[in-house]
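Everything below belongs to upload38.txt, which stores compact mmCIF, C-alpha atoms and all ligand atoms.
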```txt
# COMPACT_ATOMS: atom_id res chain seq x y z
CA MET N 1 14.92 -4.29 -8.99
CA LYS N 2 11.11 -4.13 -9.10
CA GLU N 3 9.59 -5.06 -5.73
CA THR N 4 6.84 -7.65 -5.37
CA ASN N 5 3.81 -7.31 -3.16
CA THR N 6 3.90 -10.54 -1.18
CA GLU N 7 0.18 -10.35 -0.45
CA LYS N 8 -1.96 -12.49 -2.74
CA LEU N 9 1.11 -13.96 -4.40
CA PRO N 10 0.06 -16.77 -6.76
CA LYS N 11 0.95 -20.07 -5.16
CA HIS N 12 1.25 -21.89 -8.48
CA ILE N 13 2.30 -20.30 -11.79
CA ALA N 14 2.06 -22.27 -15.04
CA ILE N 15 3.76 -21.03 -18.20
CA ILE N 16 3.32 -21.76 -21.90
CA MET N 17 6.74 -20.73 -23.21
CA ASP N 18 5.94 -19.76 -26.79
CA GLY N 19 7.90 -17.87 -29.41
CA ASN N 20 11.39 -19.40 -29.46
CA GLY N 21 11.16 -20.06 -33.21
CA ARG N 22 10.02 -16.53 -34.04
CA TRP N 23 12.69 -15.06 -31.78
CA ALA N 24 15.34 -17.01 -33.71
CA GLU N 25 13.89 -15.95 -37.04
CA SER N 26 13.90 -12.28 -36.05
CA HIS N 27 17.58 -12.64 -35.11
CA THR N 28 18.33 -14.51 -38.36
CA MET N 29 19.24 -17.63 -36.46
CA GLY N 30 18.05 -21.23 -36.73
CA ARG N 31 15.08 -22.27 -34.54
CA ILE N 32 17.32 -24.39 -32.35
CA LEU N 33 19.26 -21.35 -31.19
CA GLY N 34 15.91 -19.84 -30.25
CA HIS N 35 15.23 -22.82 -28.01
CA ARG N 36 18.69 -22.46 -26.51
CA LYS N 37 17.94 -18.84 -25.67
CA GLY N 38 14.58 -20.02 -24.32
CA ALA N 39 16.39 -22.35 -21.92
CA GLU N 40 18.17 -19.28 -20.52
CA SER N 41 14.79 -17.69 -19.82
CA VAL N 42 13.82 -20.90 -18.01
CA ARG N 43 16.80 -20.40 -15.68
CA ILE N 44 16.03 -16.72 -15.05
CA ILE N 45 12.31 -17.22 -14.45
CA THR N 46 12.87 -20.21 -12.16
CA LYS N 47 15.35 -18.25 -10.09
CA THR N 48 13.01 -15.26 -9.85
CA CYS N 49 10.04 -17.40 -8.83
CA ARG N 50 12.14 -18.99 -6.11
CA ARG N 51 13.38 -15.60 -4.90
CA ILE N 52 9.95 -14.02 -4.57
CA GLY N 53 8.35 -17.02 -2.87
CA ILE N 54 6.32 -18.82 -5.56
CA ARG N 55 5.67 -22.34 -4.28
CA PHE N 56 4.94 -24.19 -7.56
CA LEU N 57 6.11 -23.45 -11.10
CA THR N 58 4.95 -25.62 -14.01
CA LEU N 59 6.66 -25.12 -17.38
CA TYR N 60 5.26 -26.51 -20.64
CA ALA N 61 8.59 -27.69 -22.03
CA PHE N 62 7.41 -30.29 -24.58
CA SER N 63 3.88 -31.22 -25.61
CA VAL N 64 2.71 -34.55 -27.05
CA GLU N 65 2.07 -32.63 -30.27
CA ASN N 66 5.71 -31.44 -30.34
CA TRP N 67 6.79 -34.99 -31.32
CA LEU N 68 5.41 -34.12 -34.77
CA ARG N 69 8.01 -31.39 -35.35
CA PRO N 70 10.95 -32.08 -37.70
CA LYS N 71 13.15 -34.84 -36.30
CA ALA N 72 16.19 -32.54 -35.98
CA GLU N 73 14.23 -30.06 -33.89
CA VAL N 74 12.86 -32.79 -31.60
CA ARG N 75 16.38 -34.13 -31.15
CA ALA N 76 17.72 -30.65 -30.39
CA LEU N 77 14.98 -30.02 -27.82
CA MET N 78 15.72 -33.33 -26.11
CA ASN N 79 19.46 -32.59 -26.08
CA LEU N 80 18.74 -29.19 -24.61
CA LEU N 81 16.61 -30.78 -21.93
CA LEU N 82 19.36 -33.23 -21.07
CA GLU N 83 21.94 -30.44 -20.94
CA TYR N 84 19.61 -28.42 -18.72
CA LEU N 85 19.09 -31.34 -16.35
CA GLU N 86 22.81 -32.01 -16.13
CA ASN N 87 23.76 -28.36 -15.59
CA GLU N 88 21.00 -27.29 -13.23
CA THR N 89 21.08 -30.02 -10.57
CA ARG N 90 23.62 -28.11 -8.51
CA GLU N 91 21.56 -24.92 -8.69
CA MET N 92 18.41 -26.81 -7.72
CA MET N 93 20.16 -28.19 -4.66
CA ASP N 94 21.61 -24.78 -3.73
CA GLN N 95 18.22 -23.11 -4.17
CA ASP N 96 16.31 -25.89 -2.35
CA ILE N 97 14.22 -26.58 -5.48
CA ARG N 98 12.47 -29.89 -5.97
CA LEU N 99 12.11 -31.13 -9.55
CA THR N 100 9.09 -33.12 -10.71
CA ALA N 101 7.70 -33.90 -14.17
CA ILE N 102 4.27 -34.56 -15.67
CA GLY N 103 3.40 -36.16 -18.99
CA ASP N 104 3.90 -39.42 -20.79
CA LEU N 105 7.42 -39.82 -19.42
CA ASP N 106 7.66 -43.37 -20.80
CA SER N 107 7.84 -41.91 -24.30
CA LEU N 108 11.09 -40.05 -23.51
CA ASP N 109 14.39 -41.66 -24.49
CA ALA N 110 15.68 -43.99 -21.78
CA HIS N 111 18.80 -41.91 -21.05
CA ILE N 112 16.76 -38.72 -20.61
CA ARG N 113 14.20 -40.51 -18.47
CA SER N 114 16.85 -41.97 -16.20
CA LYS N 115 18.55 -38.57 -15.79
CA LEU N 116 15.17 -37.04 -15.00
CA TYR N 117 14.35 -39.68 -12.38
CA GLU N 118 17.82 -39.36 -10.91
CA ILE N 119 17.36 -35.59 -10.36
CA MET N 120 13.80 -35.99 -9.15
CA GLU N 121 15.10 -38.42 -6.54
CA LYS N 122 18.06 -36.25 -5.63
CA THR N 123 15.91 -33.13 -5.11
CA SER N 124 12.93 -34.94 -3.56
CA GLU N 125 13.51 -33.56 -0.06
CA ASN N 126 13.89 -29.94 -1.21
CA GLN N 127 11.19 -27.65 0.17
CA GLY N 128 11.86 -24.16 -1.23
CA MET N 129 9.89 -24.48 -4.47
CA LEU N 130 8.59 -27.22 -6.71
CA LEU N 131 9.64 -26.94 -10.36
CA ASN N 132 7.38 -29.12 -12.45
CA LEU N 133 8.31 -29.78 -16.09
CA ALA N 134 5.54 -30.81 -18.47
CA LEU N 135 7.25 -33.23 -20.87
CA SER N 136 5.49 -35.14 -23.62
CA TYR N 137 2.43 -33.66 -21.96
CA GLY N 138 -1.11 -33.42 -23.30
CA GLY N 139 -4.12 -32.38 -21.22
CA ARG N 140 -6.60 -34.67 -22.99
CA ASP N 141 -4.18 -37.60 -22.76
CA GLU N 142 -3.80 -36.91 -19.06
CA ILE N 143 -7.58 -36.97 -18.53
CA ALA N 144 -7.98 -40.13 -20.63
CA ALA N 145 -5.13 -41.84 -18.74
CA ALA N 146 -6.75 -40.87 -15.42
CA ALA N 147 -10.11 -42.29 -16.56
CA LYS N 148 -8.40 -45.50 -17.68
CA ARG N 149 -6.70 -46.00 -14.33
CA MET N 150 -9.93 -45.25 -12.53
CA VAL N 151 -11.79 -47.86 -14.56
CA GLU N 152 -9.00 -50.35 -13.82
CA ASP N 153 -9.44 -49.67 -10.11
CA ALA N 154 -13.21 -50.08 -10.45
CA VAL N 155 -12.82 -53.37 -12.29
CA ALA N 156 -10.43 -54.54 -9.57
CA GLY N 157 -13.09 -53.66 -7.00
CA LYS N 158 -10.99 -50.90 -5.36
CA ILE N 159 -13.57 -48.17 -6.06
CA ALA N 160 -17.31 -48.07 -6.76
CA PRO N 161 -19.20 -45.60 -9.02
CA ALA N 162 -20.52 -43.82 -5.93
CA ASP N 163 -16.93 -43.02 -4.87
CA VAL N 164 -16.29 -40.98 -8.01
CA THR N 165 -16.01 -37.30 -7.14
CA ARG N 166 -13.95 -34.41 -8.49
CA GLU N 167 -11.54 -34.86 -5.61
CA LEU N 168 -11.06 -38.57 -6.31
CA PHE N 169 -10.65 -37.94 -10.04
CA SER N 170 -7.95 -35.32 -9.35
CA LYS N 171 -5.93 -37.97 -7.54
CA TYR N 172 -5.60 -39.93 -10.80
CA LEU N 173 -4.14 -36.96 -12.71
CA TYR N 174 -0.39 -36.41 -13.14
CA THR N 175 -0.69 -33.36 -10.88
CA THR N 176 -2.07 -35.29 -7.93
CA ALA N 177 0.23 -33.64 -5.37
CA ILE N 178 0.15 -30.14 -6.86
CA PRO N 179 -2.55 -27.46 -6.34
CA ASP N 180 -4.29 -26.03 -9.42
CA PRO N 181 -2.45 -23.11 -11.07
CA ASP N 182 -3.51 -19.65 -9.90
CA LEU N 183 -1.92 -17.90 -12.85
CA LEU N 184 -1.21 -19.05 -16.40
CA ILE N 185 1.25 -16.99 -18.41
CA ARG N 186 1.50 -17.47 -22.17
CA THR N 187 4.14 -15.65 -24.16
CA GLY N 188 4.35 -15.31 -27.93
CA GLY N 189 1.09 -13.47 -28.67
CA GLU N 190 -1.18 -16.52 -29.05
CA TYR N 191 -4.43 -16.73 -27.10
CA ARG N 192 -5.02 -20.43 -26.54
CA VAL N 193 -4.38 -23.12 -23.93
CA SER N 194 -2.90 -25.64 -26.37
CA ASN N 195 -3.94 -28.76 -24.46
CA PHE N 196 -2.21 -27.62 -21.26
CA LEU N 197 -3.58 -28.52 -17.81
CA LEU N 198 -7.15 -28.60 -19.13
CA TYR N 199 -8.72 -30.05 -15.99
CA GLN N 200 -6.61 -28.02 -13.56
CA MET N 201 -7.21 -24.58 -15.09
CA ALA N 202 -10.95 -24.28 -14.37
CA TYR N 203 -10.41 -21.11 -12.29
CA THR N 204 -6.92 -20.07 -13.31
CA GLU N 205 -6.29 -16.41 -14.22
CA PHE N 206 -4.82 -16.05 -17.73
CA TYR N 207 -2.14 -13.55 -18.66
CA PHE N 208 -1.11 -13.23 -22.31
CA THR N 209 1.83 -11.24 -23.61
CA ASP N 210 3.17 -10.59 -27.10
CA LEU N 211 6.74 -10.93 -25.80
CA LEU N 212 8.53 -13.95 -27.22
CA TRP N 213 9.73 -16.41 -24.58
CA PRO N 214 13.48 -15.67 -24.97
CA ASP N 215 12.69 -11.97 -24.33
CA PHE N 216 10.57 -12.68 -21.25
CA GLY N 217 12.58 -11.71 -18.20
CA GLU N 218 12.33 -10.99 -14.53
CA THR N 219 10.54 -7.60 -14.88
CA ASP N 220 7.98 -9.13 -17.25
CA LEU N 221 7.23 -11.88 -14.75
CA LEU N 222 6.77 -9.32 -11.99
CA THR N 223 4.43 -7.31 -14.25
CA ALA N 224 2.30 -10.43 -14.84
CA ILE N 225 2.15 -11.12 -11.10
CA ASP N 226 1.26 -7.49 -10.45
CA GLU N 227 -1.68 -7.73 -12.85
CA TYR N 228 -2.79 -11.00 -11.24
CA GLN N 229 -2.75 -9.33 -7.82
CA ARG N 230 -5.09 -6.60 -9.07
CA ARG N 231 -7.67 -9.08 -10.33
CA GLU N 232 -10.62 -10.24 -8.27
CA ARG N 233 -11.03 -14.01 -8.21
CA ARG N 234 -14.66 -14.84 -7.57
CA PHE N 235 -14.76 -18.59 -8.32
CA GLY N 236 -18.33 -18.19 -9.62
CA MET N 237 -19.52 -16.22 -6.58
CA THR N 238 -20.47 -12.54 -6.34
CA SER N 239 -18.05 -9.80 -5.40
CA GLU N 240 -19.90 -9.24 -2.09
CA GLN N 241 -19.64 -12.90 -1.16
CA ILE N 242 -15.87 -12.87 -1.43
CA GLY N 243 -15.64 -9.58 0.45
CA GLY N 244 -14.64 -7.54 -2.60
CA ARG N 245 -17.23 -4.70 -2.43
C1 LIG V 301 7.63 -22.94 -28.15
O1 LIG V 301 8.29 -22.11 -29.07
C2 LIG V 301 8.54 -23.63 -27.29
C3 LIG V 301 8.72 -24.98 -27.25
C4 LIG V 301 7.99 -25.92 -28.11
C5 LIG V 301 9.64 -25.62 -26.36
C6 LIG V 301 9.96 -24.92 -25.07
C7 LIG V 301 11.37 -25.20 -24.78
C8 LIG V 301 12.24 -24.36 -24.16
C9 LIG V 301 11.85 -23.06 -23.59
C10 LIG V 301 13.68 -24.68 -24.02
C11 LIG V 301 14.02 -25.96 -23.37
C12 LIG V 301 13.35 -26.20 -22.08
C13 LIG V 301 13.99 -26.56 -20.95
C14 LIG V 301 13.21 -26.87 -19.74
C15 LIG V 301 15.43 -26.64 -20.88
P1 LIG V 301 8.02 -22.35 -30.62
O2 LIG V 301 9.12 -23.17 -31.14
O3 LIG V 301 6.65 -22.92 -30.82
O4 LIG V 301 8.07 -20.90 -31.15
P2 LIG V 301 7.33 -20.31 -32.43
O5 LIG V 301 5.85 -20.35 -32.12
O6 LIG V 301 7.84 -18.91 -32.50
O7 LIG V 301 7.72 -21.15 -33.59
```
Just dump the structure as structure tokens.
Amino acid sequence: MKETNTEKLPKHIAIIMDGNGRWAESHTMGRILGHRKGAESVRIITKTCRRIGIRFLTLYAFSVENWLRPKAEVRALMNLLLEYLENETREMMDQDIRLTAIGDLDSLDAHIRSKLYEIMEKTSENQGMLLNLALSYGGRDEIAAAAKRMVEDAVAGKIAPADVTRELFSKYLYTTAIPDPDLLIRTGGEYRVSNFLLYQMAYTEFYFTDLLWPDFGETDLLTAIDEYQRRERRFGMTSEQIGGR
């Protein structure tokens, strides 16, 4: 098994899991089977992240835009999510993984939402790693919802315009308790952020691969981390300032 350099390990990895449909097509299967295979990759990658000491893993499992897909595909994705939640609780407890979710969770079906909340509650004390599922998630919606709640607080007299800082604004986002991602991985050969964590990714390192999500395994994750570790993160400063040269 490939070894990981534990120095400069990304604290938070975010993943856009793209390519399930194309994987299915290339195996002459229906798209839904591609998603099912994709759910297996979710299990493998989660386990690997936990093993090597990643603290936060955010997976883009369903975007607000995904509601526009054919009804049968949306239903299949929701069923897969439910199945995943039901089957993985035990593993999450064994692995000391805490589950959280971000997105417009109110738009999920009631039975899925209640299962999700049940597992979030059950795993809430787990400390090993935080697995964060982005569900019915949209970055612009998140920012607009944060602004709305901020205005509500201002109208209620809880905050004044002078209180508004980046730090305060971050507290209104879905990710309030989670640090910004250090590394974004996108599979499937597309080079875009697709409305994912728009505010949080200001200084995130991006790693793109042509591999389709169902083919993305442990070694591929370690390769992405390896590349991240060789990059110099300057946060707008010079190399000298951060002690690089
Ligand atoms: C993108 O592939 C993937 C999705 C829209 C959904 C991601 C879902 C999973 C990985 C499985 C279920 C998740 C969990 C947490 C159990 P695509 O359909 O856009 O692929 P394509 O671009 O090749 O068509």
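The nearest approach to Arg55 of chain N among the residues N:Pro181, N:Gly243, N:Gly38, N:Gly189, with all atoms listed in the file taken into account, belongs to N:Pro181.
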Output the neighbourhood of ligand LIG 301 (chain V) as a PyMOL selection string, that is, all protein and nucleic acid residues with some atom at most 7 Å from the ligand, counting all atoms listed in the file.
chain N and resi 17-23+31+35-36+38-39+42+60-62+66+77+80-81+84+133+188
Just-selected residues, C-alpha atoms written as a CSV table (one decimal), in the frame of the given file:
```
chain,number,residue,atom,x,y,z
N,17,MET,CA,6.7,-20.7,-23.2
N,18,ASP,CA,5.9,-19.8,-26.8
N,19,GLY,CA,7.9,-17.9,-29.4
N,20,ASN,CA,11.4,-19.4,-29.5
N,21,GLY,CA,11.2,-20.1,-33.2
N,22,ARG,CA,10.0,-16.5,-34.0
N,23,TRP,CA,12.7,-15.1,-31.8
N,31,ARG,CA,15.1,-22.3,-34.5
N,35,HIS,CA,15.2,-22.8,-28.0
N,36,ARG,CA,18.7,-22.5,-26.5
N,38,GLY,CA,14.6,-20.0,-24.3
N,39,ALA,CA,16.4,-22.4,-21.9
N,42,VAL,CA,13.8,-20.9,-18.0
N,60,TYR,CA,5.3,-26.5,-20.6
N,61,ALA,CA,8.6,-27.7,-22.0
N,62,PHE,CA,7.4,-30.3,-24.6
N,66,ASN,CA,5.7,-31.4,-30.3
N,77,LEU,CA,15.0,-30.0,-27.8
N,80,LEU,CA,18.7,-29.2,-24.6
N,81,LEU,CA,16.6,-30.8,-21.9
N,84,TYR,CA,19.6,-28.4,-18.7
N,133,LEU,CA,8.3,-29.8,-16.1
N,188,GLY,CA,4.4,-15.3,-27.9
```
If I wrap all listed atoms of segment 72-82 of chain N in a box with edges along x, y and z and add 6 Å on each side, what are its centre and edge lengths in Å to one decimal, as lines of an AutoDock Vina configuration file?
```
center_x = 16.2
center_y = -31.7
center_z = -28.5
size_x = 18.6
size_y = 16.9
size_z = 26.9
```
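If all atoms listed in the file are the atoms counted, then among N:Leu108, N:Leu197, N:Leu212, N:Ile44 the closest residue to Ala14 of chain N is N:Leu197.
Proximity to Gly103 of chain N was assessed for N:Asp226, N:Asp163, N:Glu205, N:Glu142 counting all atoms listed in the file; the smallest distance is recorded for N:Glu142.
Proximity to Asp109 of chain N was assessed for N:Ile32, N:Met92, N:Leu135, N:Val164 counting all atoms listed in the file; the smallest distance is recorded for N:Leu135.
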Near-Glu232 of chain N list (12 Å; all atoms listed in the file; drop same-chain fewer than 2 positions) as a list in words
Lys8, Asp182, Tyr203, Thr204, Glu205, Glu227, Tyr228, Gln229, Arg230, Arg234, Phe235, Gly236, Met237, Thr238, Ser239, Glu240, Gln241, Ile242, Gly243, Gly244 and Arg245 of chain N
Any idea what's packed within 8 Å of Asn132 of chain N, counting only C-alpha atoms, ignoring anything in its chain fewer than 4 positions away? Could you give it as an mmCIF file with C-alpha atoms, in the frame of the given file?
```cif
data_model
loop_
_atom_site.group_PDB
_atom_site.id
_atom_site.type_symbol
_atom_site.label_atom_id
_atom_site.label_comp_id
_atom_site.auth_asym_id
_atom_site.auth_seq_id
_atom_site.Cartn_x
_atom_site.Cartn_y
_atom_site.Cartn_z
ATOM 1 C CA PHE N 56 4.940 -24.190 -7.560
ATOM 2 C CA LEU N 57 6.110 -23.450 -11.100
ATOM 3 C CA THR N 58 4.950 -25.620 -14.010
ATOM 4 C CA LEU N 59 6.660 -25.120 -17.380
ATOM 5 C CA LEU N 99 12.110 -31.130 -9.550
ATOM 6 C CA THR N 100 9.090 -33.120 -10.710
ATOM 7 C CA ALA N 101 7.700 -33.900 -14.170
ATOM 8 C CA ILE N 102 4.270 -34.560 -15.670
#
```
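Considering the residues N:His111, N:Arg166, N:Lys171, N:Arg149 and counting all atoms listed in the file, Glu83 of chain N has its shortest atom-to-atom contact with N:His111.
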Find, counting all atoms listed in the file, the residue in N:Ile15, N:Ala72, N:Leu222, N:Ala145 that gets nearest to Thr187 of chain N.
N:Ile15
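Atom CA of Tyr199 of chain N is positioned 12.3 Å from atom CA of Ala147 of chain N.
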As an exercise, work out the distance from atom CA of Ala110 of chain N to atom CA of Ala177 of chain N in Å and give it to one decimal place.
24.8 Å
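Atom CA of Ala134 of chain N lies 19.3 Å from atom CA of Tyr191 of chain N.
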